[in-house]
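Source file: coords_38.pdb. Holds: PDB, C-alpha atoms and all ligand atoms.
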```pdb
MODEL        1
ATOM      1  CA  MET A   1     196.736  75.013  41.378  1.00  0.00           C
ATOM      2  CA  ASN A   2     199.768  73.594  43.223  1.00  0.00           C
ATOM      3  CA  THR A   3     200.383  71.131  40.460  1.00  0.00           C
ATOM      4  CA  PRO A   4     203.808  70.808  38.845  1.00  0.00           C
ATOM      5  CA  LEU A   5     202.273  72.206  35.679  1.00  0.00           C
ATOM      6  CA  GLY A   6     201.194  75.341  37.531  1.00  0.00           C
ATOM      7  CA  VAL A   7     204.703  75.804  38.924  1.00  0.00           C
ATOM      8  CA  ILE A   8     206.239  75.310  35.489  1.00  0.00           C
ATOM      9  CA  LEU A   9     203.850  77.867  33.995  1.00  0.00           C
ATOM     10  CA  ILE A  10     204.688  80.407  36.717  1.00  0.00           C
ATOM     11  CA  VAL A  11     208.435  79.921  36.200  1.00  0.00           C
ATOM     12  CA  PHE A  12     207.925  80.267  32.451  1.00  0.00           C
ATOM     13  CA  GLY A  13     205.873  83.429  32.981  1.00  0.00           C
ATOM     14  CA  ALA A  14     208.552  84.875  35.252  1.00  0.00           C
ATOM     15  CA  LEU A  15     211.308  84.099  32.721  1.00  0.00           C
ATOM     16  CA  ALA A  16     209.323  85.591  29.855  1.00  0.00           C
ATOM     17  CA  GLY A  17     208.612  88.638  32.015  1.00  0.00           C
ATOM     18  CA  ALA A  18     212.311  88.980  32.854  1.00  0.00           C
ATOM     19  CA  VAL A  19     213.241  88.944  29.174  1.00  0.00           C
ATOM     20  CA  VAL A  20     210.586  91.563  28.421  1.00  0.00           C
ATOM     21  CA  GLY A  21     211.719  93.684  31.367  1.00  0.00           C
ATOM     22  CA  SER A  22     215.351  93.408  30.294  1.00  0.00           C
ATOM     23  CA  PHE A  23     214.418  94.442  26.756  1.00  0.00           C
ATOM     24  CA  ALA A  24     212.357  97.348  28.077  1.00  0.00           C
ATOM     25  CA  GLU A  25     215.411  98.589  29.994  1.00  0.00           C
ATOM     26  CA  VAL A  26     217.549  98.390  26.839  1.00  0.00           C
ATOM     27  CA  VAL A  27     214.903 100.394  24.967  1.00  0.00           C
ATOM     28  CA  ARG A  28     214.876 102.940  27.789  1.00  0.00           C
ATOM     29  CA  SER A  29     218.641 103.377  27.843  1.00  0.00           C
ATOM     30  CA  ARG A  30     219.470 103.009  24.145  1.00  0.00           C
ATOM     31  CA  GLY A  31     216.209 103.792  22.364  1.00  0.00           C
ATOM     32  CA  TRP A  32     214.281 101.601  19.946  1.00  0.00           C
ATOM     33  CA  ARG A  33     216.980 101.847  17.285  1.00  0.00           C
ATOM     34  CA  GLY A  34     219.706 100.742  19.655  1.00  0.00           C
ATOM     35  CA  ALA A  35     217.573  97.941  21.040  1.00  0.00           C
ATOM     36  CA  LEU A  36     216.592  96.489  17.676  1.00  0.00           C
ATOM     37  CA  HIS A  37     219.896  96.949  15.837  1.00  0.00           C
ATOM     38  CA  GLY A  38     223.168  95.459  16.943  1.00  0.00           C
ATOM     39  CA  ARG A  39     223.929  93.425  19.996  1.00  0.00           C
ATOM     40  CA  SER A  40     224.262  94.512  23.584  1.00  0.00           C
ATOM     41  CA  ARG A  41     227.623  96.006  24.485  1.00  0.00           C
ATOM     42  CA  CYS A  42     229.429  96.757  27.683  1.00  0.00           C
ATOM     43  CA  ASP A  43     229.100 100.443  28.533  1.00  0.00           C
ATOM     44  CA  GLY A  44     232.696 100.465  29.761  1.00  0.00           C
ATOM     45  CA  CYS A  45     234.788  98.762  27.061  1.00  0.00           C
ATOM     46  CA  ARG A  46     232.212  98.543  24.211  1.00  0.00           C
ATOM     47  CA  ARG A  47     232.845  94.798  23.940  1.00  0.00           C
ATOM     48  CA  GLU A  48     229.951  92.903  22.418  1.00  0.00           C
ATOM     49  CA  LEU A  49     228.298  90.731  25.064  1.00  0.00           C
ATOM     50  CA  ARG A  50     227.960  87.024  24.397  1.00  0.00           C
ATOM     51  CA  TRP A  51     224.613  85.307  24.742  1.00  0.00           C
ATOM     52  CA  PHE A  52     225.570  83.691  28.043  1.00  0.00           C
ATOM     53  CA  GLU A  53     226.244  87.122  29.484  1.00  0.00           C
ATOM     54  CA  LEU A  54     222.682  88.182  28.734  1.00  0.00           C
ATOM     55  CA  VAL A  55     220.796  85.509  30.698  1.00  0.00           C
ATOM     56  CA  PRO A  56     218.520  87.265  33.199  1.00  0.00           C
ATOM     57  CA  PHE A  57     219.599  86.909  36.858  1.00  0.00           C
ATOM     58  CA  LEU A  58     222.140  84.182  36.104  1.00  0.00           C
ATOM     59  CA  SER A  59     224.661  86.325  34.248  1.00  0.00           C
ATOM     60  CA  TYR A  60     224.307  89.123  36.767  1.00  0.00           C
ATOM     61  CA  SER A  61     224.919  86.830  39.735  1.00  0.00           C
ATOM     62  CA  VAL A  62     227.796  84.918  38.128  1.00  0.00           C
ATOM     63  CA  GLN A  63     229.563  88.123  37.058  1.00  0.00           C
ATOM     64  CA  ARG A  64     228.552  89.930  40.248  1.00  0.00           C
ATOM     65  CA  GLY A  65     227.153  92.795  38.209  1.00  0.00           C
ATOM     66  CA  ARG A  66     230.440  93.488  36.452  1.00  0.00           C
ATOM     67  CA  CYS A  67     231.806  93.192  32.916  1.00  0.00           C
ATOM     68  CA  ARG A  68     234.055  90.134  32.506  1.00  0.00           C
ATOM     69  CA  THR A  69     236.638  92.110  30.534  1.00  0.00           C
ATOM     70  CA  CYS A  70     236.946  95.579  32.026  1.00  0.00           C
ATOM     71  CA  GLY A  71     235.179  95.080  35.345  1.00  0.00           C
ATOM     72  CA  SER A  72     232.954  98.107  34.903  1.00  0.00           C
ATOM     73  CA  ARG A  73     229.640  97.861  36.675  1.00  0.00           C
ATOM     74  CA  ILE A  74     226.580  96.703  34.789  1.00  0.00           C
ATOM     75  CA  GLY A  75     223.753  99.008  35.759  1.00  0.00           C
ATOM     76  CA  ALA A  76     221.508  97.747  38.524  1.00  0.00           C
ATOM     77  CA  ALA A  77     218.646  99.143  36.449  1.00  0.00           C
ATOM     78  CA  VAL A  78     218.879  96.095  34.198  1.00  0.00           C
ATOM     79  CA  LEU A  79     218.558  93.725  37.143  1.00  0.00           C
ATOM     80  CA  LEU A  80     215.682  95.734  38.601  1.00  0.00           C
ATOM     81  CA  ALA A  81     213.903  95.692  35.235  1.00  0.00           C
ATOM     82  CA  GLU A  82     214.365  91.910  35.064  1.00  0.00           C
ATOM     83  CA  ILE A  83     213.000  91.432  38.589  1.00  0.00           C
ATOM     84  CA  ALA A  84     210.041  93.720  37.916  1.00  0.00           C
ATOM     85  CA  GLY A  85     209.344  91.953  34.613  1.00  0.00           C
ATOM     86  CA  ALA A  86     209.587  88.542  36.278  1.00  0.00           C
ATOM     87  CA  ALA A  87     207.119  89.623  38.965  1.00  0.00           C
ATOM     88  CA  VAL A  88     204.690  90.894  36.346  1.00  0.00           C
ATOM     89  CA  GLY A  89     205.052  87.703  34.310  1.00  0.00           C
ATOM     90  CA  ALA A  90     204.512  85.457  37.351  1.00  0.00           C
ATOM     91  CA  VAL A  91     201.473  87.447  38.474  1.00  0.00           C
ATOM     92  CA  ALA A  92     200.054  87.366  34.957  1.00  0.00           C
ATOM     93  CA  VAL A  93     200.311  83.548  34.945  1.00  0.00           C
ATOM     94  CA  LEU A  94     198.808  83.347  38.438  1.00  0.00           C
ATOM     95  CA  VAL A  95     195.858  85.476  37.358  1.00  0.00           C
ATOM     96  CA  GLY A  96     195.484  83.410  34.226  1.00  0.00           C
ATOM     97  CA  LEU A  97     195.514  80.158  36.224  1.00  0.00           C
ATOM     98  CA  GLY A  98     193.044  81.602  38.730  1.00  0.00           C
ATOM     99  CA  LEU A  99     190.657  82.561  35.964  1.00  0.00           C
ATOM    100  CA  SER A 100     190.908  79.203  34.224  1.00  0.00           C
ATOM    101  CA  ALA A 101     190.320  77.343  37.525  1.00  0.00           C
ATOM    102  CA  ARG A 102     186.872  78.886  37.914  1.00  0.00           C
TER     103      ARG A 102
HETATM  104 ZN    ZN B   1     233.485  95.965  29.748  1.00  0.00          ZN
ENDMDL
END
```

Spell out the structure here as structure tokens.
Amino acid sequence: MNTPLGVILIVFGALAGAVVGSFAEVVRSRGWRGALHGRSRCDGCRRELRWFELVPFLSYSVQRGRCRTCGSRIGAAVLLAEIAGAAVGAVAVLVGLGLSAR
């Protein structure tokens, strides 16, 4: 279990979960139409966000939860959704590894 491969799989699961959680939060706040059409925008200045501003955890920490242009706060709900998704993804991998180890 404590093999490098297991660790890599868990990290991968957490990242995938974070992306899913982030997407789920976008669906919650903007609806399916908003989530599937058009890119993410800042709620404050309506500027389209670049891809590097949409990396789970990383973007939030680097920008300290604020828009680079107008400084308006990015909702903590997004970060929470990413953390929750990451936890679910990591647990899912753990369960999967546990089952396959039997
Ligand atoms: Zn902004």

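One finds atom CA of Ala90 of chain A at 8.9 Å from atom CA of Ala16 of chain A.
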
Could you list, as an NGL selection string, all residues that come within 12 Å of ligand ZN 1 (chain B)? Count only C-alpha atoms and all ligand atoms.
:A and (40-50 or 53 or 63 or 65-75)

Keeping only C-alpha atoms, write the selected residues as a compact mmCIF listing (two decimals), in the frame of the given file.
```txt
# COMPACT_ATOMS: atom_id res chain seq x y z
CA SER A 40 224.26 94.51 23.58
CA ARG A 41 227.62 96.01 24.48
CA CYS A 42 229.43 96.76 27.68
CA ASP A 43 229.10 100.44 28.53
CA GLY A 44 232.70 100.46 29.76
CA CYS A 45 234.79 98.76 27.06
CA ARG A 46 232.21 98.54 24.21
CA ARG A 47 232.84 94.80 23.94
CA GLU A 48 229.95 92.90 22.42
CA LEU A 49 228.30 90.73 25.06
CA ARG A 50 227.96 87.02 24.40
CA GLU A 53 226.24 87.12 29.48
CA GLN A 63 229.56 88.12 37.06
CA GLY A 65 227.15 92.80 38.21
CA ARG A 66 230.44 93.49 36.45
CA CYS A 67 231.81 93.19 32.92
CA ARG A 68 234.06 90.13 32.51
CA THR A 69 236.64 92.11 30.53
CA CYS A 70 236.95 95.58 32.03
CA GLY A 71 235.18 95.08 35.34
CA SER A 72 232.95 98.11 34.90
CA ARG A 73 229.64 97.86 36.67
CA ILE A 74 226.58 96.70 34.79
CA GLY A 75 223.75 99.01 35.76
```

Which residue out of A:Ala76, A:Ala101, A:Leu94, A:Val55 has the minimum interatomic distance to Leu9 of chain A when all atoms listed in the file are used?
A:Leu94

For the structure provided, state which residues fall under the PyMOL selection byres (((chain A and resi 78-81) around 8) and not hetatm), and present them as JSON, numbers by chain.
{"A": [18, 21, 22, 24, 25, 26, 56, 57, 60, 74, 75, 76, 77, 82, 83, 84, 85]}

Quick one, how far is atom CA of Pro4 of chain A from atom CA of Val62 of chain A?
27.8 Å

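Note that atom CA of Ala87 of chain A and atom CA of Ala35 of chain A are 22.4 Å apart.
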
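For the choices A:Leu97, A:Arg30, A:Phe23, A:Ser61, the atom-to-atom distance to Ile8 of chain A is smallest for A:Leu97 when using only C-alpha atoms.
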
As AutoDock Vina command-line options, what would the box around segment 1-17 of chain A look like: edges along x, y and z, 4 Å added on every side, centre and edge lengths in Å to one decimal?
```
--center_x 204.0 --center_y 79.7 --center_z 36.5 --size_x 22.6 --size_y 25.8 --size_z 21.4
```

Go through A:Arg64, A:Val93, A:Trp51, A:Gly38 and flag the residue nearest Val7 of chain A, using only C-alpha atoms for the distances.
A:Val93

Where atoms are absent from segment 32-61 of chain A, fill them in so it carries N, CA and C atoms, then output it as a PDB file, keeping the file's coordinate frame.
```pdb
ATOM      1  N   TRP A  32     214.757 102.720  20.765  1.00  0.00           N
ATOM      2  CA  TRP A  32     214.281 101.601  19.946  1.00  0.00           C
ATOM      3  C   TRP A  32     215.306 101.186  18.914  1.00  0.00           C
ATOM      4  N   ARG A  33     215.969 102.167  18.297  1.00  0.00           N
ATOM      5  CA  ARG A  33     216.980 101.847  17.285  1.00  0.00           C
ATOM      6  C   ARG A  33     218.092 100.995  17.883  1.00  0.00           C
ATOM      7  N   GLY A  34     218.608 101.453  19.012  1.00  0.00           N
ATOM      8  CA  GLY A  34     219.706 100.742  19.655  1.00  0.00           C
ATOM      9  C   GLY A  34     219.298  99.360  20.109  1.00  0.00           C
ATOM     10  N   ALA A  35     218.035  99.225  20.520  1.00  0.00           N
ATOM     11  CA  ALA A  35     217.573  97.941  21.040  1.00  0.00           C
ATOM     12  C   ALA A  35     217.379  96.925  19.918  1.00  0.00           C
ATOM     13  N   LEU A  36     216.928  97.414  18.755  1.00  0.00           N
ATOM     14  CA  LEU A  36     216.592  96.489  17.676  1.00  0.00           C
ATOM     15  C   LEU A  36     217.764  96.231  16.742  1.00  0.00           C
ATOM     16  N   HIS A  37     218.757  97.140  16.732  1.00  0.00           N
ATOM     17  CA  HIS A  37     219.896  96.949  15.837  1.00  0.00           C
ATOM     18  C   HIS A  37     221.158  96.719  16.647  1.00  0.00           C
ATOM     19  N   GLY A  38     221.911  95.732  16.268  1.00  0.00           N
ATOM     20  CA  GLY A  38     223.168  95.459  16.943  1.00  0.00           C
ATOM     21  C   GLY A  38     222.952  94.779  18.273  1.00  0.00           C
ATOM     22  N   ARG A  39     224.009  94.179  18.769  1.00  0.00           N
ATOM     23  CA  ARG A  39     223.929  93.425  19.996  1.00  0.00           C
ATOM     24  C   ARG A  39     224.258  94.303  21.186  1.00  0.00           C
ATOM     25  N   SER A  40     223.958  93.780  22.366  1.00  0.00           N
ATOM     26  CA  SER A  40     224.262  94.512  23.584  1.00  0.00           C
ATOM     27  C   SER A  40     225.770  94.629  23.763  1.00  0.00           C
ATOM     28  N   ARG A  41     226.202  95.792  24.236  1.00  0.00           N
ATOM     29  CA  ARG A  41     227.623  96.006  24.485  1.00  0.00           C
ATOM     30  C   ARG A  41     227.832  96.461  25.920  1.00  0.00           C
ATOM     31  N   CYS A  42     229.063  96.247  26.371  1.00  0.00           N
ATOM     32  CA  CYS A  42     229.429  96.757  27.683  1.00  0.00           C
ATOM     33  C   CYS A  42     229.559  98.271  27.578  1.00  0.00           C
ATOM     34  N   ASP A  43     229.021  98.986  28.563  1.00  0.00           N
ATOM     35  CA  ASP A  43     229.100 100.443  28.533  1.00  0.00           C
ATOM     36  C   ASP A  43     230.527 100.922  28.779  1.00  0.00           C
ATOM     37  N   GLY A  44     231.335 100.071  29.416  1.00  0.00           N
ATOM     38  CA  GLY A  44     232.696 100.465  29.761  1.00  0.00           C
ATOM     39  C   GLY A  44     233.675 100.281  28.612  1.00  0.00           C
ATOM     40  N   CYS A  45     233.756  99.055  28.060  1.00  0.00           N
ATOM     41  CA  CYS A  45     234.788  98.762  27.061  1.00  0.00           C
ATOM     42  C   CYS A  45     234.204  98.555  25.673  1.00  0.00           C
ATOM     43  N   ARG A  46     232.887  98.673  25.507  1.00  0.00           N
ATOM     44  CA  ARG A  46     232.212  98.543  24.211  1.00  0.00           C
ATOM     45  C   ARG A  46     232.314  97.134  23.639  1.00  0.00           C
ATOM     46  N   ARG A  47     232.769  96.167  24.432  1.00  0.00           N
ATOM     47  CA  ARG A  47     232.845  94.798  23.940  1.00  0.00           C
ATOM     48  C   ARG A  47     231.432  94.247  23.760  1.00  0.00           C
ATOM     49  N   GLU A  48     231.246  93.524  22.649  1.00  0.00           N
ATOM     50  CA  GLU A  48     229.951  92.903  22.418  1.00  0.00           C
ATOM     51  C   GLU A  48     229.736  91.802  23.440  1.00  0.00           C
ATOM     52  N   LEU A  49     228.564  91.750  24.053  1.00  0.00           N
ATOM     53  CA  LEU A  49     228.298  90.731  25.064  1.00  0.00           C
ATOM     54  C   LEU A  49     227.848  89.450  24.394  1.00  0.00           C
ATOM     55  N   ARG A  50     228.355  88.325  24.921  1.00  0.00           N
ATOM     56  CA  ARG A  50     227.960  87.024  24.397  1.00  0.00           C
ATOM     57  C   ARG A  50     226.591  86.659  24.964  1.00  0.00           C
ATOM     58  N   TRP A  51     225.970  85.657  24.326  1.00  0.00           N
ATOM     59  CA  TRP A  51     224.613  85.307  24.742  1.00  0.00           C
ATOM     60  C   TRP A  51     224.553  84.863  26.207  1.00  0.00           C
ATOM     61  N   PHE A  52     225.615  84.192  26.670  1.00  0.00           N
ATOM     62  CA  PHE A  52     225.570  83.691  28.043  1.00  0.00           C
ATOM     63  C   PHE A  52     225.783  84.797  29.069  1.00  0.00           C
ATOM     64  N   GLU A  53     226.117  85.984  28.573  1.00  0.00           N
ATOM     65  CA  GLU A  53     226.244  87.122  29.484  1.00  0.00           C
ATOM     66  C   GLU A  53     224.953  87.915  29.544  1.00  0.00           C
ATOM     67  N   LEU A  54     223.948  87.452  28.808  1.00  0.00           N
ATOM     68  CA  LEU A  54     222.682  88.182  28.734  1.00  0.00           C
ATOM     69  C   LEU A  54     221.532  87.397  29.336  1.00  0.00           C
ATOM     70  N   VAL A  55     221.844  86.292  30.052  1.00  0.00           N
ATOM     71  CA  VAL A  55     220.796  85.509  30.698  1.00  0.00           C
ATOM     72  C   VAL A  55     220.323  86.258  31.944  1.00  0.00           C
ATOM     73  N   PRO A  56     219.026  86.532  32.033  1.00  0.00           N
ATOM     74  CA  PRO A  56     218.520  87.265  33.199  1.00  0.00           C
ATOM     75  C   PRO A  56     218.917  86.581  34.505  1.00  0.00           C
ATOM     76  N   PHE A  57     219.230  87.375  35.514  1.00  0.00           N
ATOM     77  CA  PHE A  57     219.599  86.909  36.858  1.00  0.00           C
ATOM     78  C   PHE A  57     220.922  86.147  36.866  1.00  0.00           C
ATOM     79  N   LEU A  58     220.997  85.085  36.067  1.00  0.00           N
ATOM     80  CA  LEU A  58     222.140  84.182  36.104  1.00  0.00           C
ATOM     81  C   LEU A  58     223.435  84.921  35.786  1.00  0.00           C
ATOM     82  N   SER A  59     223.457  85.618  34.652  1.00  0.00           N
ATOM     83  CA  SER A  59     224.661  86.325  34.248  1.00  0.00           C
ATOM     84  C   SER A  59     225.049  87.354  35.299  1.00  0.00           C
ATOM     85  N   TYR A  60     224.035  88.068  35.792  1.00  0.00           N
ATOM     86  CA  TYR A  60     224.307  89.123  36.767  1.00  0.00           C
ATOM     87  C   TYR A  60     224.932  88.544  38.028  1.00  0.00           C
ATOM     88  N   SER A  61     224.387  87.415  38.508  1.00  0.00           N
ATOM     89  CA  SER A  61     224.919  86.830  39.735  1.00  0.00           C
ATOM     90  C   SER A  61     226.312  86.259  39.517  1.00  0.00           C
TER      91      SER A  61
END
```
